[in-house]
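A.B. asks: Dropping in run12.txt, which is compact mmCIF, C-alpha atoms:
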```txt
# COMPACT_ATOMS: atom_id res chain seq x y z
CA MET A 1426 14.76 12.84 -2.50
CA TYR A 1427 12.67 15.98 -2.22
CA ILE A 1428 10.06 18.00 -4.09
CA SER A 1429 11.24 21.55 -4.71
CA HIS A 1430 8.02 22.91 -6.23
CA LEU A 1431 4.42 21.71 -6.17
CA SER A 1432 1.54 23.01 -8.29
CA LEU A 1433 -2.10 21.98 -7.97
CA THR A 1434 -4.81 22.88 -10.48
CA ASP A 1435 -8.42 21.92 -9.75
CA PHE A 1436 -7.20 19.27 -7.31
CA ARG A 1437 -9.67 18.78 -4.45
CA SER A 1438 -10.25 22.21 -2.89
CA TYR A 1439 -7.53 24.03 -4.84
CA ALA A 1440 -8.46 25.94 -7.99
CA GLN A 1441 -4.79 26.88 -8.24
CA ALA A 1442 -1.97 26.62 -5.73
CA ASP A 1443 1.78 26.93 -6.29
CA PHE A 1444 4.40 26.80 -3.58
CA GLU A 1445 8.08 26.12 -3.09
CA LEU A 1446 9.29 23.29 -0.93
CA GLY A 1447 12.73 21.98 -0.12
CA PRO A 1448 14.82 19.61 1.96
CA GLY A 1449 14.08 19.30 5.66
CA THR A 1450 10.71 19.56 7.36
CA THR A 1451 7.77 21.57 6.06
CA VAL A 1452 4.73 21.83 8.34
CA PHE A 1453 1.34 22.75 6.86
CA VAL A 1454 -0.80 24.21 9.64
CA GLY A 1455 -4.48 25.04 9.44
CA SER A 1456 -7.88 24.28 10.88
CA ASN A 1457 -9.56 20.99 10.11
CA GLY A 1458 -11.21 20.95 6.70
CA VAL A 1459 -9.14 23.70 5.04
CA GLY A 1460 -7.18 21.42 2.69
CA LYS A 1461 -3.99 20.31 4.47
CA THR A 1462 -4.53 16.65 3.75
CA ASN A 1463 -5.24 17.46 0.10
CA ILE A 1464 -1.58 18.49 -0.24
CA ALA A 1465 -0.33 15.28 1.35
CA GLU A 1466 -2.72 13.31 -0.84
CA ALA A 1467 -1.48 15.01 -4.04
CA ILE A 1468 2.16 14.18 -3.29
CA GLY A 1469 1.25 10.61 -2.38
CA TYR A 1470 -0.77 10.26 -5.58
CA LEU A 1471 2.23 11.21 -7.70
CA ALA A 1472 4.11 8.33 -6.11
CA SER A 1473 1.45 5.60 -6.20
CA LEU A 1474 -1.37 6.73 -8.54
CA SER A 1475 -3.76 6.06 -5.68
CA SER A 1476 -5.22 7.97 -2.76
CA HIS A 1477 -4.99 6.96 0.88
CA ARG A 1478 -8.49 8.39 1.40
CA VAL A 1479 -10.69 7.30 -1.54
CA SER A 1480 -10.74 4.35 -3.93
CA THR A 1481 -11.69 6.27 -7.09
CA ASP A 1482 -10.27 9.34 -8.81
CA ALA A 1483 -13.47 11.36 -9.20
CA PRO A 1484 -13.33 13.00 -5.72
CA LEU A 1485 -9.81 14.27 -6.48
CA ILE A 1486 -11.16 16.64 -9.13
CA ARG A 1487 -12.50 19.95 -7.85
CA PHE A 1488 -16.27 20.06 -8.07
CA GLY A 1489 -17.32 21.54 -11.41
CA ALA A 1490 -13.98 20.90 -13.15
CA ASP A 1491 -13.41 18.15 -15.72
CA LYS A 1492 -9.80 17.38 -14.80
CA ALA A 1493 -7.13 18.04 -12.20
CA LEU A 1494 -3.40 18.66 -12.65
CA VAL A 1495 -0.59 17.89 -10.21
CA ARG A 1496 2.87 19.14 -11.17
CA ALA A 1497 6.11 18.76 -9.25
CA ARG A 1498 9.83 19.30 -9.60
CA VAL A 1499 11.65 16.41 -7.99
CA ALA A 1500 15.30 16.16 -6.95
CA ARG A 1501 16.65 12.63 -6.51
CA ALA A 1502 20.32 11.83 -5.96
CA GLY A 1503 21.32 15.07 -7.66
CA GLN A 1504 19.05 14.60 -10.69
CA ALA A 1505 16.09 16.94 -11.29
CA THR A 1506 12.88 15.75 -12.96
CA ALA A 1507 9.68 17.59 -13.78
CA VAL A 1508 6.59 15.41 -13.58
CA GLU A 1509 2.99 16.27 -14.44
CA LEU A 1510 -0.11 14.17 -13.92
CA GLU A 1511 -3.52 14.87 -15.43
CA ILE A 1512 -6.43 13.24 -13.61
CA ALA A 1513 -9.48 13.12 -15.87
CA ALA A 1514 -13.03 12.23 -14.96
CA GLY A 1515 -14.12 9.09 -16.79
CA LYS A 1516 -10.97 8.92 -18.91
CA ALA A 1517 -7.51 7.42 -18.65
CA ASN A 1518 -5.11 9.62 -16.71
CA ARG A 1519 -2.09 10.96 -18.59
CA ALA A 1520 1.34 12.15 -17.54
CA ARG A 1521 4.34 14.09 -18.80
CA ILE A 1522 7.97 13.71 -17.81
CA ASN A 1523 10.21 16.74 -18.32
CA ARG A 1524 7.49 18.35 -20.48
CA ALA A 1525 7.78 15.67 -23.16
CA ASN A 1526 4.84 14.14 -25.00
CA PRO A 1527 2.08 12.61 -22.89
CA VAL A 1528 2.64 9.07 -21.62
CA ARG A 1529 0.58 6.58 -19.64
CA ALA A 1530 0.13 7.57 -16.01
CA ARG A 1531 1.79 4.28 -15.04
CA ASP A 1532 5.03 5.46 -16.68
CA ILE A 1533 5.74 7.95 -13.90
CA LEU A 1534 5.77 5.32 -11.17
CA GLY A 1535 9.15 5.29 -9.45
CA ILE A 1536 10.01 8.94 -10.10
CA VAL A 1537 8.57 10.03 -6.75
CA ARG A 1538 8.82 7.72 -3.75
CA THR A 1539 6.87 8.48 -0.60
CA VAL A 1540 5.95 6.84 2.67
CA LEU A 1541 2.73 8.34 3.98
CA PHE A 1542 1.47 8.09 7.56
CA ALA A 1543 -2.19 8.99 8.17
CA PRO A 1544 -4.99 8.25 10.66
CA GLU A 1545 -6.37 5.82 8.07
CA ASP A 1546 -3.34 3.61 8.79
CA LEU A 1547 -5.12 2.18 11.83
CA ALA A 1548 -6.94 0.02 9.28
CA LEU A 1549 -3.65 -1.74 8.55
CA VAL A 1550 -4.04 -3.41 11.93
CA LYS A 1551 -7.74 -3.20 12.78
CA GLY A 1552 -9.30 -3.34 9.32
CA ASP A 1553 -10.14 -5.99 6.77
CA PRO A 1554 -7.45 -8.10 5.06
CA ALA A 1555 -7.83 -5.96 1.93
CA ASN A 1556 -6.03 -3.13 3.72
CA ARG A 1557 -3.00 -5.28 4.42
CA ARG A 1558 -2.99 -6.74 0.91
CA ARG A 1559 -3.00 -3.24 -0.51
CA PHE A 1560 -0.12 -2.28 1.80
CA LEU A 1561 1.99 -5.12 0.41
CA ASP A 1562 1.04 -4.42 -3.20
CA ASP A 1563 1.68 -0.67 -2.92
CA LEU A 1564 5.15 -1.32 -1.52
CA LEU A 1565 5.80 -3.90 -4.24
CA VAL A 1566 4.93 -1.37 -6.96
CA ALA A 1567 7.00 1.34 -5.27
CA LEU A 1568 10.00 -0.99 -5.35
CA ARG A 1569 9.35 -2.45 -8.80
CA PRO A 1570 7.04 -0.22 -10.86
CA HIS A 1571 6.62 -2.87 -13.58
CA GLN A 1572 4.65 -4.89 -11.01
CA ALA A 1573 1.80 -2.42 -11.49
CA ALA A 1574 1.11 -4.27 -14.76
CA THR A 1575 1.10 -7.60 -12.93
CA ARG A 1576 -1.34 -6.24 -10.38
CA GLY A 1577 -3.56 -4.87 -13.17
CA ASP A 1578 -3.42 -8.14 -15.14
CA TYR A 1579 -4.47 -10.15 -12.11
CA GLU A 1580 -7.40 -7.85 -11.32
CA ARG A 1581 -8.56 -7.88 -14.95
CA VAL A 1582 -8.43 -11.69 -15.27
CA LEU A 1583 -10.08 -12.14 -11.87
CA LYS A 1584 -12.96 -9.92 -12.94
CA GLN A 1585 -13.45 -11.91 -16.16
CA ARG A 1586 -13.25 -15.26 -14.36
CA ASN A 1587 -15.75 -14.16 -11.73
CA ALA A 1588 -18.13 -13.01 -14.46
CA LEU A 1589 -17.91 -16.46 -16.06
CA LEU A 1590 -18.49 -18.24 -12.74
CA LYS A 1591 -21.45 -16.02 -12.00
CA SER A 1592 -23.05 -16.67 -15.40
CA ALA A 1593 -22.43 -20.40 -15.10
CA ARG A 1594 -24.05 -20.43 -11.68
CA LYS A 1595 -27.30 -19.08 -13.14
CA GLY A 1596 -27.60 -22.04 -15.50
CA ARG A 1597 -26.15 -25.49 -15.92
CA PHE A 1598 -22.35 -25.63 -15.87
CA SER A 1599 -21.70 -26.89 -19.40
CA ALA A 1600 -18.65 -28.30 -21.17
CA ALA A 1601 -18.25 -24.92 -22.86
CA HIS A 1602 -18.12 -23.20 -19.49
CA GLU A 1603 -15.56 -25.72 -18.30
CA SER A 1604 -13.35 -25.18 -21.34
CA THR A 1605 -13.47 -21.40 -21.05
CA LEU A 1606 -12.84 -21.57 -17.32
CA GLU A 1607 -9.70 -23.62 -17.88
CA VAL A 1608 -8.35 -20.86 -20.12
CA TRP A 1609 -9.01 -18.23 -17.46
CA ASP A 1610 -7.43 -20.54 -14.87
CA GLN A 1611 -4.19 -20.47 -16.83
CA HIS A 1612 -4.19 -16.67 -17.07
CA LEU A 1613 -5.14 -16.22 -13.42
CA ALA A 1614 -2.48 -18.63 -12.18
CA LYS A 1615 0.20 -16.97 -14.31
CA ALA A 1616 -0.53 -13.44 -13.09
CA GLY A 1617 -1.33 -14.61 -9.56
CA ALA A 1618 1.96 -16.48 -9.19
CA ARG A 1619 3.93 -13.37 -10.17
CA LEU A 1620 1.95 -11.21 -7.74
CA LEU A 1621 2.29 -13.75 -4.93
CA ARG A 1622 6.03 -14.14 -5.47
CA GLY A 1623 6.35 -10.35 -5.43
CA ARG A 1624 4.50 -10.12 -2.11
CA LEU A 1625 6.69 -12.78 -0.55
CA ASP A 1626 9.81 -10.99 -1.76
CA VAL A 1627 8.55 -7.74 -0.21
CA LEU A 1628 7.89 -9.50 3.08
CA GLU A 1629 11.39 -10.92 3.04
CA LEU A 1630 12.75 -7.36 2.78
CA LEU A 1631 10.28 -5.93 5.28
CA SER A 1632 10.61 -8.52 8.03
CA PRO A 1633 14.03 -7.54 9.46
CA HIS A 1634 12.76 -4.00 10.06
CA LEU A 1635 9.25 -4.61 11.43
CA GLY A 1636 10.28 -5.78 14.89
CA ALA A 1637 13.05 -3.20 15.20
CA GLU A 1638 10.83 -0.27 14.27
CA TYR A 1639 8.07 -1.41 16.63
CA ALA A 1640 10.58 -1.78 19.46
CA GLY A 1641 11.88 1.72 18.76
CA LEU A 1642 8.39 3.20 19.11
CA THR A 1643 7.53 1.30 22.33
CA ASP A 1644 9.15 0.01 25.50
CA GLY A 1645 10.13 -3.18 23.67
CA SER A 1646 8.13 -5.49 25.93
CA LYS A 1647 6.34 -7.11 22.96
CA ALA A 1648 7.85 -8.20 19.66
CA ALA A 1649 6.06 -7.51 16.38
CA SER A 1650 5.91 -10.25 13.76
CA ALA A 1651 3.86 -11.27 10.76
CA ARG A 1652 2.64 -14.36 8.92
CA TYR A 1653 1.35 -14.63 5.35
CA ARG A 1654 -1.75 -16.80 5.02
CA CYS A 1655 -2.26 -18.05 1.45
CA THR A 1656 -5.49 -19.59 0.14
CA VAL A 1657 -3.55 -21.36 -2.61
CA VAL A 1658 -2.00 -23.77 -0.09
CA GLU A 1659 -4.46 -23.71 2.82
CA GLU A 1660 -7.84 -25.34 3.28
CA LEU A 1661 -10.85 -23.06 2.98
CA ASP A 1662 -13.47 -22.57 5.64
CA ASP A 1663 -17.18 -22.43 4.91
CA ASP A 1664 -16.92 -18.73 4.01
CA GLY A 1665 -14.26 -19.33 1.40
CA GLY A 1666 -11.41 -17.91 3.46
CA ALA A 1667 -8.30 -19.64 4.71
CA ALA A 1668 -9.19 -22.02 7.51
CA ALA A 1669 -7.64 -21.36 10.90
CA LEU A 1670 -4.18 -22.83 11.33
CA PRO A 1671 -3.40 -25.05 14.32
CA ALA A 1672 -2.39 -23.16 17.44
CA ASP A 1673 1.25 -24.13 16.94
CA ALA A 1674 1.42 -23.35 13.21
CA GLY A 1675 3.49 -20.24 13.84
CA GLN A 1676 6.00 -22.08 16.00
CA ASP A 1677 9.48 -23.11 14.96
CA SER A 1678 10.94 -26.58 15.38
CA GLY A 1679 11.76 -25.86 19.01
CA GLY A 1680 8.12 -25.15 19.84
CA GLN A 1681 8.66 -21.41 20.25
CA ASN A 1682 6.43 -18.81 18.65
CA PRO A 1683 8.55 -16.58 16.38
CA ALA A 1684 7.09 -13.51 18.04
CA ASP A 1685 8.66 -14.66 21.32
CA SER A 1686 12.13 -15.19 19.87
CA GLY A 1687 14.50 -12.26 19.88
CA ALA A 1688 16.33 -13.69 16.87
CA ASP A 1689 13.12 -13.94 14.91
CA ALA A 1690 11.48 -10.70 16.01
CA GLY A 1691 9.66 -9.28 13.00
CA ALA A 1692 10.13 -12.52 11.03
CA VAL A 1693 7.56 -13.46 8.42
CA ARG A 1694 6.21 -16.98 8.12
CA ALA A 1695 4.51 -18.11 4.92
CA PRO A 1696 3.33 -21.68 5.62
CA GLY A 1697 3.61 -23.92 2.56
CA LEU A 1698 5.33 -21.30 0.40
CA ASP A 1699 8.91 -21.17 1.65
CA GLY A 1700 11.32 -21.09 -1.27
CA ALA A 1701 8.65 -21.54 -3.97
CA GLY A 1702 9.52 -19.97 -7.32
CA ILE A 1703 7.07 -18.50 -9.81
CA GLU A 1704 6.66 -21.72 -11.83
CA GLU A 1705 6.02 -23.77 -8.70
CA LEU A 1706 3.54 -21.19 -7.39
CA GLU A 1707 1.75 -21.28 -10.73
CA ARG A 1708 1.40 -25.07 -10.54
CA MET A 1709 0.16 -24.82 -6.96
CA PHE A 1710 -2.36 -22.16 -7.97
CA LEU A 1711 -3.73 -24.27 -10.83
CA ALA A 1712 -4.04 -27.28 -8.54
CA ALA A 1713 -5.94 -25.19 -5.97
CA LEU A 1714 -8.35 -23.91 -8.63
CA VAL A 1715 -9.07 -27.47 -9.75
CA ALA A 1716 -9.50 -28.66 -6.16
CA HIS A 1717 -12.03 -25.94 -5.39
CA ARG A 1718 -13.87 -25.99 -8.73
CA LYS A 1719 -17.12 -27.36 -7.27
CA LYS A 1720 -17.19 -24.86 -4.43
CA GLU A 1721 -16.40 -21.95 -6.78
CA THR A 1722 -19.05 -22.87 -9.33
CA ASP A 1723 -21.60 -23.26 -6.53
CA ARG A 1724 -20.69 -19.85 -5.11
CA GLY A 1725 -20.11 -18.08 -8.43
CA ILE A 1726 -16.84 -16.50 -7.30
CA THR A 1727 -13.11 -17.19 -7.24
CA LEU A 1728 -12.21 -18.38 -3.75
CA VAL A 1729 -8.44 -18.90 -3.97
CA GLY A 1730 -5.66 -16.51 -4.92
CA PRO A 1731 -3.84 -13.38 -3.74
CA HIS A 1732 -7.13 -11.46 -3.60
CA ARG A 1733 -8.23 -13.70 -0.69
CA ASP A 1734 -4.93 -13.95 1.19
CA GLU A 1735 -4.13 -12.40 4.56
CA LEU A 1736 -1.12 -10.84 6.26
CA GLU A 1737 -1.54 -11.61 9.94
CA LEU A 1738 0.18 -9.31 12.43
CA PHE A 1739 1.23 -10.36 15.92
CA LEU A 1740 2.37 -8.64 19.10
CA GLY A 1741 4.06 -11.28 21.17
CA PRO A 1742 2.12 -14.54 20.71
CA ALA A 1743 -1.26 -12.82 20.24
CA PRO A 1744 -2.76 -11.52 17.00
CA ALA A 1745 -2.71 -7.73 16.93
CA LYS A 1746 -6.22 -7.49 15.52
CA GLY A 1747 -8.62 -7.72 18.41
CA TYR A 1748 -5.93 -7.83 21.11
CA ALA A 1749 -3.76 -4.71 20.63
CA SER A 1750 -4.58 -1.58 22.63
CA HIS A 1751 -5.16 1.70 20.81
CA GLY A 1752 -1.59 2.80 21.48
CA GLU A 1753 -0.18 -0.55 20.37
CA THR A 1754 -2.27 -0.42 17.22
CA TRP A 1755 -0.88 3.01 16.37
CA SER A 1756 2.68 1.89 17.06
CA LEU A 1757 2.33 -1.21 14.90
CA ALA A 1758 0.82 0.75 12.01
CA LEU A 1759 3.67 3.27 12.25
CA ALA A 1760 6.19 0.43 12.44
CA LEU A 1761 4.86 -0.99 9.17
CA ARG A 1762 5.30 2.39 7.47
CA LEU A 1763 8.75 2.95 8.96
CA ALA A 1764 9.79 -0.53 7.87
CA SER A 1765 8.64 0.44 4.36
CA TYR A 1766 10.79 3.54 4.57
CA ARG A 1767 13.82 1.40 5.48
CA VAL A 1768 13.15 -1.01 2.62
CA LEU A 1769 12.88 1.80 0.06
CA GLY A 1770 16.04 3.39 1.44
CA GLU A 1771 17.97 0.14 1.11
CA ASP A 1772 16.68 -0.36 -2.42
CA ASP A 1773 18.32 2.90 -3.56
CA PRO A 1774 21.07 3.76 -1.05
CA ARG A 1775 22.45 6.70 -3.02
CA GLU A 1776 22.75 9.95 -1.10
CA GLY A 1777 19.65 12.04 -1.67
CA ALA A 1778 17.57 9.13 -3.00
CA GLY A 1779 15.58 8.18 0.11
CA PRO A 1780 11.77 8.45 0.00
CA ILE A 1781 9.82 11.51 1.09
CA LEU A 1782 8.11 11.07 4.46
CA ILE A 1783 4.57 12.43 4.80
CA LEU A 1784 2.91 12.64 8.21
CA ASP A 1785 -0.71 13.60 7.71
CA ASP A 1786 -2.30 14.73 10.97
CA VAL A 1787 -0.50 11.96 12.86
CA PHE A 1788 0.99 13.74 15.86
CA ALA A 1789 -2.40 14.75 17.24
CA GLU A 1790 -3.23 11.06 17.58
CA LEU A 1791 -0.10 10.14 19.57
CA ASP A 1792 0.83 10.58 23.20
CA THR A 1793 3.90 12.64 24.10
CA ASP A 1794 6.24 9.67 24.33
CA ARG A 1795 5.28 8.28 20.92
CA ARG A 1796 5.50 11.75 19.37
CA THR A 1797 9.05 12.09 20.60
CA ARG A 1798 10.03 8.60 19.45
CA LEU A 1799 8.52 9.11 15.99
CA ALA A 1800 10.14 12.53 15.60
CA ALA A 1801 13.54 11.04 16.43
CA VAL A 1802 13.11 8.38 13.75
CA VAL A 1803 11.92 10.62 10.91
CA ALA A 1804 14.16 13.62 11.57
CA GLY A 1805 16.90 12.07 9.43
CA ALA A 1806 14.80 11.98 6.25
CA GLU A 1807 15.80 14.38 3.49
CA GLN A 1808 12.26 15.73 3.19
CA VAL A 1809 9.44 15.47 5.71
CA ILE A 1810 5.97 16.85 4.98
CA VAL A 1811 3.78 17.31 8.07
CA THR A 1812 0.18 18.45 8.37
CA ALA A 1813 -1.25 19.58 11.70
CA ALA A 1814 -4.23 21.53 12.95
CA VAL A 1815 -2.13 22.95 15.80
CA ALA A 1816 1.56 23.73 15.38
CA ALA A 1817 2.20 22.79 19.01
CA ASP A 1818 1.32 19.16 18.20
CA VAL A 1819 4.50 18.88 16.12
CA PRO A 1820 7.56 17.99 18.24
CA ALA A 1821 10.14 20.75 18.44
CA GLU A 1822 12.81 18.26 17.37
CA LEU A 1823 11.48 18.35 13.82
CA GLY A 1824 11.74 22.13 13.48
CA GLY A 1825 11.41 23.24 9.87
CA ARG A 1826 9.41 25.74 7.85
CA VAL A 1827 5.75 26.43 8.64
CA LEU A 1828 3.18 27.23 5.92
CA ARG A 1829 -0.33 28.39 6.77
CA VAL A 1830 -3.27 26.78 5.01
CA THR A 1831 -6.59 28.49 4.55
CA PRO A 1832 -9.42 27.32 2.25
CA GLY A 1833 -7.91 27.07 -1.21
CA HIS A 1834 -4.66 28.88 -0.30
CA VAL A 1835 -1.19 28.19 1.10
CA SER A 1836 0.99 31.01 2.43
CA PRO A 1837 4.11 31.53 4.63
```
What would you get if you wrote out this structure as structure tokens?

C.D. replies:
Amino acid sequence: MYISHLSLTDFRSYAQADFELGPGTTVFVGSNGVGKTNIAEAIGYLASLSSHRVSTDAPLIRFGADKALVRARVARAGQATAVELEIAAGKANRARINRANPVRARDILGIVRTVLFAPEDLALVKGDPANRRRFLDDLLVALRPHQAATRGDYERVLKQRNALLKSARKGRFSAAHESTLEVWDQHLAKAGARLLRGRLDVLELLSPHLGAEYAGLTDGSKAASARYRCTVVEELDDDGGAAALPADAGQDSGGQNPADSGADAGAVRAPGLDGAGIEELERMFLAALVAHRKKETDRGITLVGPHRDELELFLGPAPAKGYASHGETWSLALALRLASYRVLGEDDPREGAGPILILDDVFAELDTDRRTRLAAVVAGAEQVIVTAAVAADVPAELGGRVLRVTPGHVSP
């Protein structure tokens, strides 16, 4: 897959910018702050309808404008598609496919597939659990665009349920509150079970690649692995999060931590959830909501569900968060993205259908050895978009076309 033409109108710092792209590597070079990342962000937004830099759409619109437009011509497995996205301030975004009538923005999901590396990816390892939950959900939607509706349904119901809990907390929890809460429980469990099953399916696809990609970026002395911690099946601590598992909870029947086993390198453990289908997960979710009713009404917030779950990452037997060095953290974050790239490639193995790789100011953060290793991995992608402040930071192995970026302009 590759984008052959990109047009930006009132997007970030660009009043208007049009440029041709193509297969292979394109490097956008320019000083910090001139708008290189804005280009990477625009392409990523077409794929996910979200930014890797901000949580709302308003900053994407050039100051003083009321909307932004991102247009692209996309080639995928020999088929060309024109896609246009209108980002409006305070309104629902709209899209067009092949210049047809406007459709919901959500309808373009799946046309463009990207895997974006950026300095913000350090938060996948070092940051709050929300970063890792978003990673899983973004990959789920990239694989199955209809899951965007599931994600939206869950967030909408959660908001309504929390509002009810909060209002009940201010007064006496009445029979009317209880009855209404039971209705929201049903809706939350239904959407939550679908979202949770989707996450577990993604982890099943991701796990064979995580350890291999981490080993390829390092000397292989530590194995990368992951474990999904679910509040639906685990006890809660006093803060409403999943209580710590026993020290041997990640071990197999032979007493070996999966991160230490070559056969299980990169394996994902989901304690209490193995093999559970959507209906079973829904029943488990409802039971957890009932079990924690008193604690939730006292706190005025929903304490169990996918919004409180955690994806724990390990290097060897130790958790990566708090124990990994800076270099190890970078390598593990990159391994997660590369594993995503492999999963998307396997999902559509047709020639010319692989996702676009975007490396936003990544090489400057890596030492020479990791630069070389990463370049070797990504060089086989059909299209690679790179941003860099200094062209010399980009390994020669990638080669490709260089475009110069100045404030508001892109030129050869």

A.B. asks: Which residues of segment 1529-1644 of chain A have any atom within 7 Å of an atom in segment 1761-1773 of chain A when counting all atoms listed in the file, and what is the closest pair of atoms for each, with the distance in Å to one decimal? Order the rows by chain and rising number and write it as a Markdown table.

C.D. replies:
```
| residue | atom | partner | partner_atom | distance |
| --- | --- | --- | --- | --- |
| A:Val1540 | CA | A:Tyr1766 | CA | 6.2 |
| A:Phe1542 | CA | A:Arg1762 | CA | 6.9 |
| A:Leu1568 | CA | A:Leu1769 | CA | 6.7 |
| A:Leu1630 | CA | A:Val1768 | CA | 6.4 |
| A:Leu1631 | CA | A:Ala1764 | CA | 6.0 |
| A:His1634 | CA | A:Ala1764 | CA | 5.1 |
| A:Leu1635 | CA | A:Ala1764 | CA | 5.4 |
| A:Glu1638 | CA | A:Ala1764 | CA | 6.5 |
```

A.B. asks: If we count only C-alpha atoms, what is near Glu1607 of chain A at a cut-off of 12 Å, once residues fewer than 2 positions away on the same chain are taken out, given as a list of chain:residue names?

C.D. replies: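 Close residues of Glu1607 of chain A: A:Arg1586, A:Leu1589, A:Leu1590, A:Ala1600, A:Ala1601, A:His1602, A:Glu1603, A:Ser1604, A:Thr1605, A:Trp1609, A:Asp1610, A:Gln1611, A:His1612, A:Leu1613, A:Ala1614, A:Leu1711, A:Ala1712, A:Leu1714, A:Val1715, A:Arg1718.
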
A.B. asks: Restricting the calculation to only C-alpha atoms, which member of A:Ala1520, A:Ile1726, A:Ala1778, A:Leu1474 is positioned closest to Ala1593 of chain A?

C.D. replies: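 The closest residue to Ala1593 of chain A is A:Ile1726.
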
A.B. asks: Which residues, written as a list of chain:residue names, have at least one atom at most 8 Å from Val1550 of chain A, with all atoms listed in the file counted and residues fewer than 2 positions away on the same chain left out?

C.D. replies: A:Asp1546, A:Leu1547, A:Ala1548, A:Gly1552, A:Arg1557, A:Leu1738, A:Ala1745, A:Lys1746, A:Thr1754, A:Leu1757, A:Ala1758

A.B. asks: Can you spit out the residues from that selection as a PDB file, in the coordinates of the input, using C-alpha atoms?

C.D. replies:
```
ATOM      1  CA  ASP A1546      -3.340   3.610   8.790  1.00  0.00           C
ATOM      2  CA  LEU A1547      -5.120   2.180  11.830  1.00  0.00           C
ATOM      3  CA  ALA A1548      -6.940   0.020   9.280  1.00  0.00           C
ATOM      4  CA  GLY A1552      -9.300  -3.340   9.320  1.00  0.00           C
ATOM      5  CA  ARG A1557      -3.000  -5.280   4.420  1.00  0.00           C
ATOM      6  CA  LEU A1738       0.180  -9.310  12.430  1.00  0.00           C
ATOM      7  CA  ALA A1745      -2.710  -7.730  16.930  1.00  0.00           C
ATOM      8  CA  LYS A1746      -6.220  -7.490  15.520  1.00  0.00           C
ATOM      9  CA  THR A1754      -2.270  -0.420  17.220  1.00  0.00           C
ATOM     10  CA  LEU A1757       2.330  -1.210  14.900  1.00  0.00           C
ATOM     11  CA  ALA A1758       0.820   0.750  12.010  1.00  0.00           C
TER      12      ALA A1758
END
```

A.B. asks: Taking 4 positions as the minimum chain separation for residues in the same chain, which residues sit within 8 Å of segment 1435-1445 of chain A when counting all atoms listed in the file? Answer as number ranges by chain.

C.D. replies: A: 1429-1431, 1460, 1463, 1467, 1484-1488, 1490, 1492-1495, 1832-1835

A.B. asks: Please compute the atom CA of Met1426 of chain A-atom CA of Ile1464 of chain A distance, one decimal, in Å.

C.D. replies: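 Rounded to one decimal, the two atoms are 17.4 Å apart.
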
A.B. asks: Please compute the atom CA of Val1454 of chain A-atom CA of Val1815 of chain A distance, one decimal, in Å.

C.D. replies: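 Between these atoms lies a distance of 6.4 Å.
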
A.B. asks: Grab the atom CA of Val1819 of chain A to atom CA of Ser1432 of chain A distance for me, in Å with one decimal place.

C.D. replies: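 The value is 24.9 Å.
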
A.B. asks: Please identify all polymer residues within 7 Å of Ala1814 of chain A, counting only C-alpha atoms, omitting same-chain residues fewer than 3 positions from it, and present them as a list in words.

C.D. replies: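 In the requested form, the answer reads Val1454, Gly1455, Ser1456 and Asn1457 of chain A.
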
A.B. asks: Mind giving me the axis-aligned box for segment 1551-1560 of chain A with 5 Å on every side, centre plus edges in Å to one decimal, as AutoDock Vina command-line options?

C.D. replies:
```
--center_x -5.1 --center_y -5.2 --center_z 6.1 --size_x 20.0 --size_y 15.8 --size_z 23.3
```

A.B. asks: With only C-alpha atoms as the basis for distance, which of A:Asn1526, A:Gln1504, A:Gln1808, A:Ser1473 is at the shortest distance from Asp1562 of chain A?

C.D. replies: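 Closest to Asp1562 of chain A, using only C-alpha atoms: A:Ser1473.
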
A.B. asks: Pick out the closest residue to Thr1656 of chain A from this set: A:Pro1731, A:Pro1544, A:Gly1641, A:Gly1700. Count all atoms listed in the file.

C.D. replies: A:Pro1731

A.B. asks: Any idea what's packed within 12 Å of Gly1645 of chain A, counting only C-alpha atoms, ignoring anything in its chain fewer than 3 positions away? Could you give it as a PyMOL selection string?

C.D. replies: chain A and resi 1636-1642+1648-1649+1685+1687+1690+1740-1741+1753+1756-1757

A.B. asks: Considering all atoms listed in the file, state which residue in the set A:Leu1621, A:Arg1733, A:Ala1760, A:Asp1644 is at the smallest distance from Met1709 of chain A.

C.D. replies: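 The answer is A:Leu1621, which sits nearest to Met1709 of chain A.
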
A.B. asks: Rank A:Gly1730, A:Gly1747, A:Pro1554, A:Gly1779 by their smallest atom-to-atom distance to Glu1707 of chain A, using only C-alpha atoms, and report the top residue only.

C.D. replies: A:Gly1730

A.B. asks: Looking at A:Glu1659, A:Asp1785, A:Asp1626, A:Glu1580, which one is nearest to Ala1701 of chain A, with distances taken over only C-alpha atoms?

C.D. replies: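 Distance minimum relative to Ala1701 of chain A lands on A:Asp1626.
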